[in-house]
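S.K.: Provided herewith is a single structure, encoded as structure tokens, for subsequent inquiry.
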2 protein chains.
Amino acid sequence: MQDFTFWNPTKIIFGKNTVKAIGSEAQAFGRKALMVYGRSSIKRSGVYDQVVESLKEAGIQIVEYAEVKSNPVLSHTREGIELARREGVEMIIAVGGGSVIDESKSIAAAVKGQTDVWDYYAGSATIRDALPLLVVLTLAATGSEMNSGAVLTNEDTLQKFNIGSPHLFPKVSILDPTATTTVPARYVAYSAADAITHLLEGYFTGVDPETFIQDRFVESLVEAIMASTARILNDPEDYEARAAMMWAATWALNGFPTAGIGPHGFPNHMIEHSLSALYDVPHGAGLSIVLPAWMSYAARTAPAKYARFAAKVFRIEDKDQAAAAEQGIAALKGWFERIGTPTRLASFDISEGDLDRIAENATMLANKWGLTAYTKEVIAEVLRLCL
Amino acid sequence: MQDFTFWNPTKIIFGKNTVKAIGSEAQAFGRKALMVYGRSSIKRSGVYDQVVESLKEAGIQIVEYAEVKSNPVLSHTREGIELARREGVEMIIAVGGGSVIDESKSIAAAVKGQTDVWDYYAGSATIRDALPLLVVLTLAATGSEMNSGAVLTNEDTLQKFNIGSPHLFPKVSILDPTATTTVPARYVAYSAADAITHLLEGYFTGVDPETFIQDRFVESLVEAIMASTARILNDPEDYEARAAMMWAATWALNGFPTAGIGPHGFPNHMIEHSLSALYDVPHGAGLSIVLPAWMSYAARTAPAKYARFAAKVFRIEDKDQAAAAEQGIAALKGWFERIGTPTRLASFDISEGDLDRIAENATMLANKWGLTAYTKEVIAEVLRLCL
């Protein structure tokens with residue numbers, strides 16, 4: 001195991017009908033909140049009404065800020081920062097999934113700063129403080145509800161960048177599985193791919209051999225996500241499956257699975273960030289396209305961990321490690337296809353002629369993230385496997 | 001999964017030679033610390049010198065308070081509270097294992113309170129605040145370094161009671177596996193039994209059937225602890241094994257394994273607390289005696305989970321659930337014996353004539369903890385299986 005610091009102070013309130021706890025939790029942080037959300041889904045599901053009622057009962061004044069896009073964008077974030085400043089809100093309440101939470105983190109940090117929000121993403125400014133952030137989670141996928149990271153897309157420069165700061169941990173996240181009951185099948189599948197990729201990035205790119213605890217945890221959560229997805233697609237109102245999916249996705253990216261594994265990369269996220277910066281690709285759908293391709297590429301030179309993955313998750317045993325690895329990757333790809341998340345760029349009308357542009361964009365990220373092995377040629381090779 | 005709140009704000013600094021980080025971490029909490037420790041082991045191991053040097057370099061004034069007993073006692077705790085008050089310390093720094101940390105928690109809470117420390121344990125007062133507590137861990141076993149609980153023995157009344165309060169989470173815990181290199185084989189074995197029991201209490205007493213994530217985590221950590229123990233006994237300086245043991249023991253009782261499993265009990269701890277209140281029995285040694293006996297008792301009426309445990313941890317497959325359960329319990333008991341932690345009361349010269357007294361004491365705890373199924377007769381029956 002390698003040295004690490006682990007600190008995750010987010011308070012999780014998990015369970016049936018816990019959305020209504022938001023008011024009493026918010027009282028600890030002030031009397032006026034910016035309530036950030038996306039489009040109409042929380043109104044259809046009833047979560048909007050529950051949140052507003054709870055906040056009103058608790059005497060919290062609400063400033064609404066809606067229309068956060070899937071893959072949040074800079075212009076809308078800047079408007080949110082202006083609104084939060086103008087209204088003098090004391091906290092941010094994110095009601096949604098990863099996009100809403102991430103945009104809320106950007107707003108929370110920038111309101112307390114002296115610089116344009118993009119400076120944090122570009123790396124020219126450091127986050128020193130943030131407004132308190134509370135979350136009502138409505139999509140089990142990104143893990144943003146219990147971590148200190150966020151992403152944002154600059155529509156002008158077509159850059160999807162990320163930030164991380166201890167100030168960005170939500171103070172409280174309410175994880176109510178019933179709030180996800182109306183998430184449609186397609187997004188359940190994308191979300192499963194997202195959470196599984198979070199788990200597998202560290203699992204496959206870490207190089208420390210003494211990570212029994214972390215490896216077993218990752219394998220167990222992948223299995224939990226797969227089993228839950230199957231149940232949810234069969235019965236969207238299966239509370240237990242929604243609950244397991246929610247808890248697994250939260251722990252997939254909260255720092256525990258990677259604690260002690262040492263240096264590791266996020267090459268799939270790197271390529272996917274370029275995909276969704278350039279095209280209208282949902283994050284999870286982009287990941288289910290990139291992940292099997294990247295695994296095939298990476299397993300060529302070092303198949304052992306992929307063979308282990310095949311054995312532990314898909315019960316594939318083959319003495320030939322490379323063959324076992326291939327079968328495991330094919331099994332994962334087949335599973336993605338069966339649940340309805342794409343595994344080919346063609347699903348978004350992206351063809352060979354587009355690869356150069358994507359690889360160019362991803363190379364910029366590779367440099368930013370220090371993934372020096374990922375030259376433009378390597379990225380293009382992975383992308384060709386996504387065709 | 002059942003509803004729960006999960007919140008664990010302890011910052012963990014984990015790794016080789018991290019003990020020397022204590023000074024810079026302490027600076028955030030003041031300039032004067034009560035440094036609590038046990039006997040001479042931290043002086044022999046060099047940890048004492050590292051801590052003192054780091055604190056002095058950081059300009060932290062140290063008030064030493066040594067001689068904490070294994071199974072900390074009320075009289076010594078009261079003296080520590082007096083000393084902390086008299087010296088006006090701003091924080092407590094615990095350098096040791098569970099006993100030192102637990103006594104430090106008692107001191108930290110009582111210094112800020114208006115009442116005798118035992119009132120918290122007796123349940124007649126509530127902890128409202130505590131001095132900041134920092135930990136340098138030297139024994140991987142109890143999990144106290146990342147939780148909000150503590151135990152204390154009242155030598156006059158022969159009561160070993162426990163407390164829990166969110167104010168008792170350590171602010172920072174330094175987990176340096178090299179600080180445990182000198183822990184002798186016998187205590188490695190006791191510690192393994194302690195951590196395994198922490199994991200299995202919830203695993204076996206929870207009744208919710210939908211706990212795949214929690215069950216798999218528990219099984220993985222039990223396996224990690226068993227594998228690490230074998231390696232440490234073979235080579236006490238095996239850093240990787242010491243590291244895995246430390247991380248596994250910390251997570252065995254930090255709230256995550258039990259989050260979502262619903263109501264569950266600690267019957268083995270209940271009986272062991274009486275054992276070590278009445279006799280000079282190390283906590284882990286008491287648990288390795290009680291646990292297999294209690295499992296045998298409990299598996300009689302509901303063997304399914306015990307059969308699962310046998311399959312997952314010991315690869316025992318038997319279509320007859322009761323038979324599989326028995327084999328799994330025998331395997332665990334045999335493993336305890338092989339590593340050198342006792343499985344019979346006779347190891348501490350406790351015989352049948354003593355059982356009534358132990359059962360009487362444990363019945364008091366059963367009432368206190370609401371474990372109403374544990375009448376004196378039931379407890380005596382479990383104890384007879386420990387003979």
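Numbering starts fresh at 1 for the residues of each chain in the structure tokens, the chains themselves are lettered A, B, ... in the order given, and ligands are numbered from 1 as they appear.
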How would chain B read as a tab-separated table (two decimals) with C-alpha atoms, in the first residue's frame once least-squares superposed on chain A using all paired C-alpha atoms?
M.R.:
chain	number	residue	atom	x	y	z
B	1	MET	CA	-0.02	-0.03	0.04
B	2	GLN	CA	1.21	3.45	-0.68
B	3	ASP	CA	1.00	6.55	1.52
B	4	PHE	CA	-2.16	8.63	1.41
B	5	THR	CA	-4.38	11.10	3.20
B	6	PHE	CA	-8.06	10.23	3.48
B	7	TRP	CA	-10.56	12.82	4.62
B	8	ASN	CA	-14.22	12.86	3.65
B	9	PRO	CA	-16.37	15.01	5.93
B	10	THR	CA	-19.64	14.88	3.96
B	11	LYS	CA	-22.58	13.86	6.12
B	12	ILE	CA	-24.83	11.37	4.33
B	13	ILE	CA	-28.51	11.05	5.17
B	14	PHE	CA	-29.66	7.92	3.40
B	15	GLY	CA	-33.09	6.38	3.14
B	16	LYS	CA	-36.70	6.39	2.19
B	17	ASN	CA	-38.34	9.82	2.06
B	18	THR	CA	-35.32	11.59	3.50
B	19	VAL	CA	-35.63	14.45	0.97
B	20	LYS	CA	-37.76	16.27	3.48
B	21	ALA	CA	-34.79	16.51	5.86
B	22	ILE	CA	-33.25	19.22	3.66
B	23	GLY	CA	-34.92	22.06	5.53
B	24	SER	CA	-33.73	21.17	8.99
B	25	GLU	CA	-30.22	20.40	7.68
B	26	ALA	CA	-30.06	23.75	5.86
B	27	GLN	CA	-30.89	25.70	9.00
B	28	ALA	CA	-27.34	25.15	10.28
B	29	PHE	CA	-25.95	27.18	7.37
B	30	GLY	CA	-28.11	30.27	7.12
B	31	ARG	CA	-31.51	31.59	6.04
B	32	LYS	CA	-31.16	32.11	2.29
B	33	ALA	CA	-30.18	29.51	-0.30
B	34	LEU	CA	-29.56	29.31	-4.02
B	35	MET	CA	-31.49	26.23	-5.13
B	36	VAL	CA	-29.81	24.86	-8.24
B	37	TYR	CA	-31.46	22.29	-10.49
B	38	GLY	CA	-31.78	21.14	-14.07
B	39	ARG	CA	-34.88	20.86	-16.12
B	40	SER	CA	-38.35	19.60	-15.44
B	41	SER	CA	-37.54	16.10	-14.16
B	42	ILE	CA	-37.52	17.09	-10.48
B	43	LYS	CA	-40.90	18.74	-10.97
B	44	ARG	CA	-42.36	15.63	-12.60
B	45	SER	CA	-40.94	13.35	-9.89
B	46	GLY	CA	-42.25	15.48	-7.02
B	47	VAL	CA	-38.78	16.08	-5.56
B	48	TYR	CA	-39.01	19.80	-6.36
B	49	ASP	CA	-42.16	20.16	-4.28
B	50	GLN	CA	-40.70	18.18	-1.39
B	51	VAL	CA	-37.56	20.31	-1.28
B	52	VAL	CA	-39.38	23.63	-1.56
B	53	GLU	CA	-41.88	22.65	1.10
B	54	SER	CA	-39.19	21.47	3.49
B	55	LEU	CA	-37.10	24.63	3.01
B	56	LYS	CA	-40.10	26.89	3.46
B	57	GLU	CA	-41.13	25.08	6.61
B	58	ALA	CA	-37.61	25.59	7.92
B	59	GLY	CA	-37.80	29.30	7.12
B	60	ILE	CA	-35.14	29.18	4.41
B	61	GLN	CA	-35.57	31.78	1.68
B	62	ILE	CA	-35.09	30.23	-1.76
B	63	VAL	CA	-33.53	31.78	-4.85
B	64	GLU	CA	-34.12	29.35	-7.70
B	65	TYR	CA	-31.58	28.75	-10.44
B	66	ALA	CA	-32.68	26.18	-13.00
B	67	GLU	CA	-31.73	24.93	-16.46
B	68	VAL	CA	-28.35	23.41	-15.59
B	69	LYS	CA	-27.34	21.38	-18.65
B	70	SER	CA	-26.19	17.80	-18.61
B	71	ASN	CA	-22.43	18.44	-18.81
B	72	PRO	CA	-22.64	21.88	-17.18
B	73	VAL	CA	-21.36	24.85	-19.16
B	74	LEU	CA	-19.39	27.97	-18.26
B	75	SER	CA	-21.88	30.63	-19.40
B	76	HIS	CA	-24.70	29.25	-17.27
B	77	THR	CA	-22.34	28.83	-14.31
B	78	ARG	CA	-21.22	32.46	-14.57
B	79	GLU	CA	-24.83	33.61	-14.52
B	80	GLY	CA	-25.43	31.51	-11.42
B	81	ILE	CA	-22.45	33.11	-9.69
B	82	GLU	CA	-23.80	36.57	-10.50
B	83	LEU	CA	-27.21	35.63	-9.17
B	84	ALA	CA	-25.78	34.15	-5.95
B	85	ARG	CA	-23.73	37.32	-5.37
B	86	ARG	CA	-26.59	39.67	-6.16
B	87	GLU	CA	-28.95	37.83	-3.84
B	88	GLY	CA	-26.41	37.37	-1.07
B	89	VAL	CA	-27.26	33.71	-0.55
B	90	GLU	CA	-25.58	31.96	2.37
B	91	MET	CA	-25.55	28.45	0.94
B	92	ILE	CA	-26.09	26.47	-2.27
B	93	ILE	CA	-28.60	23.62	-2.39
B	94	ALA	CA	-28.08	21.34	-5.39
B	95	VAL	CA	-31.11	19.25	-6.31
B	96	GLY	CA	-30.12	16.86	-9.06
B	97	GLY	CA	-27.35	14.60	-10.30
B	98	GLY	CA	-23.67	15.15	-11.03
B	99	SER	CA	-24.13	18.05	-13.44
B	100	VAL	CA	-26.21	20.05	-10.99
B	101	ILE	CA	-23.87	19.26	-8.11
B	102	ASP	CA	-20.77	20.11	-10.13
B	103	GLU	CA	-22.18	23.44	-11.32
B	104	SER	CA	-23.19	24.15	-7.72
B	105	LYS	CA	-19.63	23.48	-6.57
B	106	SER	CA	-18.31	25.94	-9.17
B	107	ILE	CA	-20.77	28.57	-8.02
B	108	ALA	CA	-20.05	27.92	-4.33
B	109	ALA	CA	-16.31	28.41	-4.85
B	110	ALA	CA	-16.47	31.36	-7.23
B	111	VAL	CA	-18.88	33.39	-5.07
B	112	LYS	CA	-16.22	33.39	-2.36
B	113	GLY	CA	-13.36	34.15	-4.76
B	114	GLN	CA	-12.03	37.25	-6.50
B	115	THR	CA	-11.55	35.74	-9.91
B	116	ASP	CA	-13.50	34.36	-12.85
B	117	VAL	CA	-14.60	30.78	-12.22
B	118	TRP	CA	-12.77	29.45	-15.27
B	119	ASP	CA	-9.44	30.49	-13.71
B	120	TYR	CA	-9.87	27.65	-11.22
B	121	TYR	CA	-10.37	25.20	-14.05
B	122	ALA	CA	-7.53	26.58	-16.13
B	123	GLY	CA	-5.26	26.25	-13.11
B	124	SER	CA	-4.42	29.95	-12.78
B	125	ALA	CA	-6.25	30.39	-9.46
B	126	THR	CA	-6.71	28.30	-6.33
B	127	ILE	CA	-9.95	27.77	-4.41
B	128	ARG	CA	-9.54	29.22	-0.91
B	129	ASP	CA	-13.10	29.03	0.34
B	130	ALA	CA	-16.62	28.15	-0.78
B	131	LEU	CA	-20.20	28.65	0.30
B	132	PRO	CA	-21.65	25.65	2.14
B	133	LEU	CA	-23.14	23.17	-0.32
B	134	LEU	CA	-26.01	20.80	0.44
B	135	VAL	CA	-27.20	18.15	-1.97
B	136	VAL	CA	-30.46	16.36	-2.67
B	137	LEU	CA	-29.37	13.61	-5.02
B	138	THR	CA	-31.71	12.50	-7.82
B	139	LEU	CA	-29.36	10.41	-9.97
B	140	ALA	CA	-27.01	7.71	-8.68
B	141	ALA	CA	-23.98	8.00	-10.93
B	142	THR	CA	-21.16	10.48	-10.54
B	143	GLY	CA	-20.24	10.35	-6.86
B	144	SER	CA	-20.05	14.16	-6.75
B	145	GLU	CA	-22.37	14.06	-3.73
B	146	MET	CA	-19.51	12.74	-1.57
B	147	ASN	CA	-16.36	14.13	-3.13
B	148	SER	CA	-14.47	17.33	-3.64
B	149	GLY	CA	-14.28	17.44	-7.42
B	150	ALA	CA	-16.25	19.04	-10.23
B	151	VAL	CA	-16.14	19.38	-14.01
B	152	LEU	CA	-17.16	22.25	-16.26
B	153	THR	CA	-17.23	22.76	-20.02
B	154	ASN	CA	-16.12	26.00	-21.60
B	155	GLU	CA	-18.31	26.21	-24.70
B	156	ASP	CA	-16.09	28.82	-26.34
B	157	THR	CA	-12.84	26.90	-26.13
B	158	LEU	CA	-14.46	23.43	-26.18
B	159	GLN	CA	-12.57	22.45	-23.05
B	160	LYS	CA	-14.10	20.16	-20.41
B	161	PHE	CA	-11.86	20.64	-17.38
B	162	ASN	CA	-12.01	19.58	-13.73
B	163	ILE	CA	-11.21	21.02	-10.32
B	164	GLY	CA	-10.73	19.59	-6.85
B	165	SER	CA	-10.54	21.29	-3.48
B	166	PRO	CA	-11.30	20.23	0.10
B	167	HIS	CA	-13.64	23.24	0.24
B	168	LEU	CA	-15.93	21.54	-2.29
B	169	PHE	CA	-17.08	18.58	-0.20
B	170	PRO	CA	-20.84	18.93	0.30
B	171	LYS	CA	-21.65	19.56	3.95
B	172	VAL	CA	-24.69	17.29	3.75
B	173	SER	CA	-25.93	15.01	0.99
B	174	ILE	CA	-29.38	13.50	1.13
B	175	LEU	CA	-29.49	10.16	-0.64
B	176	ASP	CA	-33.11	9.15	-0.99
B	177	PRO	CA	-33.44	6.18	-3.34
B	178	THR	CA	-37.12	7.01	-3.92
B	179	ALA	CA	-35.94	10.27	-5.55
B	180	THR	CA	-34.37	8.18	-8.33
B	181	THR	CA	-37.40	6.00	-9.06
B	182	THR	CA	-38.32	8.03	-12.15
B	183	VAL	CA	-34.84	7.97	-13.70
B	184	PRO	CA	-35.45	6.42	-17.14
B	185	ALA	CA	-33.83	3.18	-18.24
B	186	ARG	CA	-31.40	4.86	-20.63
B	187	TYR	CA	-29.99	7.04	-17.87
B	188	VAL	CA	-29.82	4.14	-15.45
B	189	ALA	CA	-27.57	2.43	-17.98
B	190	TYR	CA	-25.40	5.51	-18.54
B	191	SER	CA	-25.09	5.94	-14.79
B	192	ALA	CA	-24.00	2.35	-14.29
B	193	ALA	CA	-21.29	2.85	-16.91
B	194	ASP	CA	-20.17	6.04	-15.19
B	195	ALA	CA	-19.89	4.49	-11.74
B	196	ILE	CA	-18.20	1.34	-13.05
B	197	THR	CA	-15.65	3.46	-14.91
B	198	HIS	CA	-14.91	5.44	-11.76
B	199	LEU	CA	-14.13	2.17	-10.02
B	200	LEU	CA	-12.07	0.68	-12.81
B	201	GLU	CA	-9.88	3.67	-13.66
B	202	GLY	CA	-7.90	3.29	-10.43
B	203	TYR	CA	-8.22	-0.49	-10.38
B	204	PHE	CA	-6.51	-0.83	-13.76
B	205	THR	CA	-4.09	2.09	-13.73
B	206	GLY	CA	-2.71	1.77	-10.20
B	207	VAL	CA	0.57	-0.12	-10.09
B	208	ASP	CA	0.93	-1.10	-6.43
B	209	PRO	CA	0.58	-4.89	-6.11
B	210	GLU	CA	-0.52	-4.81	-2.45
B	211	THR	CA	-4.07	-3.51	-2.79
B	212	PHE	CA	-6.17	-6.49	-1.72
B	213	ILE	CA	-8.64	-4.36	0.28
B	214	GLN	CA	-9.13	-1.84	-2.51
B	215	ASP	CA	-9.37	-4.44	-5.27
B	216	ARG	CA	-11.96	-6.48	-3.46
B	217	PHE	CA	-13.98	-3.39	-2.69
B	218	VAL	CA	-13.95	-2.33	-6.35
B	219	GLU	CA	-14.93	-5.79	-7.57
B	220	SER	CA	-17.78	-5.96	-5.05
B	221	LEU	CA	-19.14	-2.57	-6.05
B	222	VAL	CA	-18.96	-3.41	-9.76
B	223	GLU	CA	-20.96	-6.55	-9.02
B	224	ALA	CA	-23.42	-4.57	-6.90
B	225	ILE	CA	-23.91	-2.03	-9.68
B	226	MET	CA	-24.41	-4.72	-12.31
B	227	ALA	CA	-26.92	-6.64	-10.21
B	228	SER	CA	-28.80	-3.46	-9.27
B	229	THR	CA	-28.95	-2.24	-12.84
B	230	ALA	CA	-30.50	-5.50	-13.99
B	231	ARG	CA	-33.10	-5.25	-11.23
B	232	ILE	CA	-33.92	-1.60	-11.94
B	233	LEU	CA	-34.34	-2.23	-15.67
B	234	ASN	CA	-36.68	-5.07	-14.78
B	235	ASP	CA	-38.61	-3.06	-12.19
B	236	PRO	CA	-37.90	0.70	-11.97
B	237	GLU	CA	-39.59	0.83	-8.57
B	238	ASP	CA	-37.34	-1.81	-6.97
B	239	TYR	CA	-36.35	0.22	-3.90
B	240	GLU	CA	-33.58	-2.11	-2.78
B	241	ALA	CA	-31.91	-2.04	-6.20
B	242	ARG	CA	-32.16	1.77	-6.37
B	243	ALA	CA	-30.66	1.93	-2.86
B	244	ALA	CA	-27.74	-0.38	-3.64
B	245	MET	CA	-27.03	1.52	-6.87
B	246	MET	CA	-27.04	4.83	-5.02
B	247	TRP	CA	-24.72	3.71	-2.24
B	248	ALA	CA	-22.36	1.93	-4.64
B	249	ALA	CA	-22.12	4.89	-7.03
B	250	THR	CA	-21.41	7.22	-4.11
B	251	TRP	CA	-18.55	5.06	-2.86
B	252	ALA	CA	-17.16	4.53	-6.34
B	253	LEU	CA	-15.58	7.99	-6.32
B	254	ASN	CA	-15.34	9.18	-2.72
B	255	GLY	CA	-11.62	8.59	-2.24
B	256	PHE	CA	-11.79	5.27	-0.43
B	257	PRO	CA	-11.33	2.91	-3.42
B	258	THR	CA	-8.18	4.77	-4.51
B	259	ALA	CA	-6.71	5.44	-1.04
B	260	GLY	CA	-3.40	3.60	-0.88
B	261	ILE	CA	-3.21	2.47	-4.48
B	262	GLY	CA	-0.64	5.14	-5.30
B	263	PRO	CA	-0.38	7.10	-8.56
B	264	HIS	CA	-3.15	6.29	-11.01
B	265	GLY	CA	-4.73	7.93	-14.01
B	266	PHE	CA	-8.14	8.62	-15.49
B	267	PRO	CA	-7.46	7.97	-19.20
B	268	ASN	CA	-11.06	7.02	-19.95
B	269	HIS	CA	-12.36	10.22	-18.41
B	270	MET	CA	-9.72	12.14	-20.32
B	271	ILE	CA	-10.95	10.83	-23.66
B	272	GLU	CA	-14.60	11.06	-22.68
B	273	HIS	CA	-14.21	14.67	-21.56
B	274	SER	CA	-13.09	15.49	-25.08
B	275	LEU	CA	-15.98	13.55	-26.56
B	276	SER	CA	-18.58	15.44	-24.53
B	277	ALA	CA	-16.80	18.78	-24.95
B	278	LEU	CA	-17.05	18.39	-28.73
B	279	TYR	CA	-20.31	16.44	-29.15
B	280	ASP	CA	-23.59	16.17	-27.32
B	281	VAL	CA	-22.65	12.90	-25.62
B	282	PRO	CA	-23.95	12.06	-22.12
B	283	HIS	CA	-20.96	11.44	-19.86
B	284	GLY	CA	-21.87	7.84	-18.99
B	285	ALA	CA	-22.61	6.97	-22.61
B	286	GLY	CA	-19.23	8.33	-23.63
B	287	LEU	CA	-17.56	6.22	-20.96
B	288	SER	CA	-19.27	2.98	-22.01
B	289	ILE	CA	-17.87	3.59	-25.50
B	290	VAL	CA	-14.34	4.39	-24.36
B	291	LEU	CA	-13.87	1.94	-21.47
B	292	PRO	CA	-13.92	-1.43	-23.31
B	293	ALA	CA	-11.76	0.02	-26.08
B	294	TRP	CA	-9.24	1.42	-23.62
B	295	MET	CA	-9.20	-1.85	-21.68
B	296	SER	CA	-8.41	-3.76	-24.88
B	297	TYR	CA	-5.62	-1.33	-25.63
B	298	ALA	CA	-4.16	-1.47	-22.11
B	299	ALA	CA	-4.55	-5.25	-21.66
B	300	ARG	CA	-2.31	-5.91	-24.66
B	301	THR	CA	0.85	-5.14	-22.71
B	302	ALA	CA	-0.24	-6.11	-19.18
B	303	PRO	CA	-3.20	-8.50	-19.17
B	304	ALA	CA	-2.89	-9.81	-15.58
B	305	LYS	CA	-5.26	-7.39	-13.83
B	306	TYR	CA	-7.77	-7.69	-16.68
B	307	ALA	CA	-7.70	-11.47	-16.30
B	308	ARG	CA	-8.31	-11.03	-12.57
B	309	PHE	CA	-11.23	-8.72	-13.33
B	310	ALA	CA	-12.68	-11.33	-15.72
B	311	ALA	CA	-12.41	-14.00	-13.03
B	312	LYS	CA	-13.77	-11.98	-10.12
B	313	VAL	CA	-16.61	-10.16	-11.86
B	314	PHE	CA	-17.57	-12.51	-14.70
B	315	ARG	CA	-16.29	-15.84	-13.29
B	316	ILE	CA	-14.21	-16.32	-16.44
B	317	GLU	CA	-11.31	-18.69	-15.92
B	318	ASP	CA	-8.69	-19.15	-18.62
B	319	LYS	CA	-5.08	-20.11	-17.98
B	320	ASP	CA	-4.09	-17.84	-20.86
B	321	GLN	CA	-4.14	-14.39	-19.21
B	322	ALA	CA	-4.48	-12.50	-22.47
B	323	ALA	CA	-7.40	-14.68	-23.52
B	324	ALA	CA	-9.07	-14.30	-20.11
B	325	ALA	CA	-8.59	-10.53	-20.29
B	326	GLU	CA	-10.19	-10.39	-23.75
B	327	GLN	CA	-13.14	-12.47	-22.61
B	328	GLY	CA	-13.67	-10.25	-19.58
B	329	ILE	CA	-13.59	-7.11	-21.71
B	330	ALA	CA	-16.02	-8.68	-24.19
B	331	ALA	CA	-18.30	-9.62	-21.32
B	332	LEU	CA	-18.32	-6.05	-20.00
B	333	LYS	CA	-18.94	-4.67	-23.48
B	334	GLY	CA	-21.73	-7.16	-24.06
B	335	TRP	CA	-23.26	-6.19	-20.74
B	336	PHE	CA	-23.15	-2.48	-21.65
B	337	GLU	CA	-24.93	-3.30	-24.90
B	338	ARG	CA	-27.57	-5.38	-23.19
B	339	ILE	CA	-28.44	-2.69	-20.66
B	340	GLY	CA	-28.64	-0.10	-23.43
B	341	THR	CA	-25.59	2.11	-23.11
B	342	PRO	CA	-23.59	2.48	-26.35
B	343	THR	CA	-20.21	0.93	-27.06
B	344	ARG	CA	-19.48	2.52	-30.43
B	345	LEU	CA	-18.90	6.09	-31.56
B	346	ALA	CA	-21.29	5.41	-34.43
B	347	SER	CA	-24.14	5.69	-31.90
B	348	PHE	CA	-23.44	9.43	-31.89
B	349	ASP	CA	-22.69	9.62	-35.63
B	350	ILE	CA	-19.02	10.02	-34.94
B	351	SER	CA	-16.87	8.39	-37.59
B	352	GLU	CA	-13.21	7.93	-38.46
B	353	GLY	CA	-12.93	11.41	-39.96
B	354	ASP	CA	-13.74	12.95	-36.56
B	355	LEU	CA	-11.07	11.11	-34.60
B	356	ASP	CA	-8.25	13.57	-35.26
B	357	ARG	CA	-10.22	16.42	-33.71
B	358	ILE	CA	-11.13	14.36	-30.62
B	359	ALA	CA	-7.55	13.12	-30.20
B	360	GLU	CA	-6.25	16.68	-30.49
B	361	ASN	CA	-8.61	17.84	-27.73
B	362	ALA	CA	-7.76	14.86	-25.50
B	363	THR	CA	-4.04	15.44	-25.98
B	364	MET	CA	-4.48	18.85	-24.40
B	365	LEU	CA	-6.06	17.11	-21.37
B	366	ALA	CA	-3.34	14.47	-21.33
B	367	ASN	CA	-0.79	17.25	-20.98
B	368	LYS	CA	-2.86	19.01	-18.33
B	369	TRP	CA	-3.27	15.82	-16.29
B	370	GLY	CA	0.28	14.64	-16.76
B	371	LEU	CA	-0.73	11.46	-18.57
B	372	THR	CA	2.39	11.68	-20.70
B	373	ALA	CA	2.07	8.19	-22.15
B	374	TYR	CA	-1.06	9.39	-23.93
B	375	THR	CA	0.33	10.99	-27.05
B	376	LYS	CA	-2.05	11.97	-29.82
B	377	GLU	CA	-1.17	8.73	-31.63
B	378	VAL	CA	-2.02	6.58	-28.61
B	379	ILE	CA	-5.31	8.38	-28.06
B	380	ALA	CA	-6.19	7.99	-31.75
B	381	GLU	CA	-5.44	4.28	-31.45
B	382	VAL	CA	-7.85	3.93	-28.51
B	383	LEU	CA	-10.45	5.97	-30.41
B	384	ARG	CA	-10.15	3.70	-33.44
B	385	LEU	CA	-11.09	0.80	-31.15
B	386	CYS	CA	-14.27	2.75	-30.32
B	387	LEU	CA	-15.42	2.91	-33.95
S.K.: Considering only helix (DSSP H, G or I) as DSSP defines it on the backbone, what residues of segment 126-204 of chain B qualify? List them as an MDAnalysis selection string.
M.R.: chainID B and resid 144:146 166:168 177:180 185:204
S.K.: Please save C-alpha atoms of the selected residues as a short mmCIF file (atom, residue, chain, number, x, y, z; two decimals), in the first residue's frame.
M.R.:
data_model
loop_
_atom_site.label_atom_id
_atom_site.label_comp_id
_atom_site.auth_asym_id
_atom_site.auth_seq_id
_atom_site.Cartn_x
_atom_site.Cartn_y
_atom_site.Cartn_z
CA SER B 144 -11.15 3.89 17.88
CA GLU B 145 -8.86 6.03 15.72
CA MET B 146 -11.72 6.60 13.24
CA PRO B 166 -20.08 12.87 17.39
CA HIS B 167 -17.79 15.11 19.46
CA LEU B 168 -15.45 12.16 20.02
CA PRO B 177 2.34 1.02 9.86
CA THR B 178 6.01 1.26 10.89
CA ALA B 179 4.79 2.34 14.35
CA THR B 180 3.29 -1.14 14.79
CA ALA B 185 2.94 -11.72 18.13
CA ARG B 186 0.50 -12.31 20.99
CA TYR B 187 -0.98 -8.84 20.61
CA VAL B 188 -1.12 -9.14 16.85
CA ALA B 189 -3.31 -12.18 17.37
CA TYR B 190 -5.54 -10.48 19.96
CA SER B 191 -5.89 -7.49 17.65
CA ALA B 192 -6.92 -9.67 14.72
CA ALA B 193 -9.61 -11.25 16.90
CA ASP B 194 -10.81 -7.81 17.98
CA ALA B 195 -11.10 -6.43 14.45
CA ILE B 196 -12.71 -9.60 13.10
CA THR B 197 -15.28 -9.50 15.90
CA HIS B 198 -16.09 -5.88 15.11
CA LEU B 199 -16.83 -6.93 11.55
CA LEU B 200 -18.83 -10.01 12.43
CA GLU B 201 -21.07 -8.58 15.15
CA GLY B 202 -23.07 -6.56 12.61
CA TYR B 203 -22.69 -9.16 9.87
CA PHE B 204 -24.36 -11.85 11.97
#
S.K.: Where in segment 103-217 of chain B does DSSP assign strand (DSSP E or B), given as a PyMOL selection string?
M.R.: chain B and resi 133-137+149-154+159-164+172-175
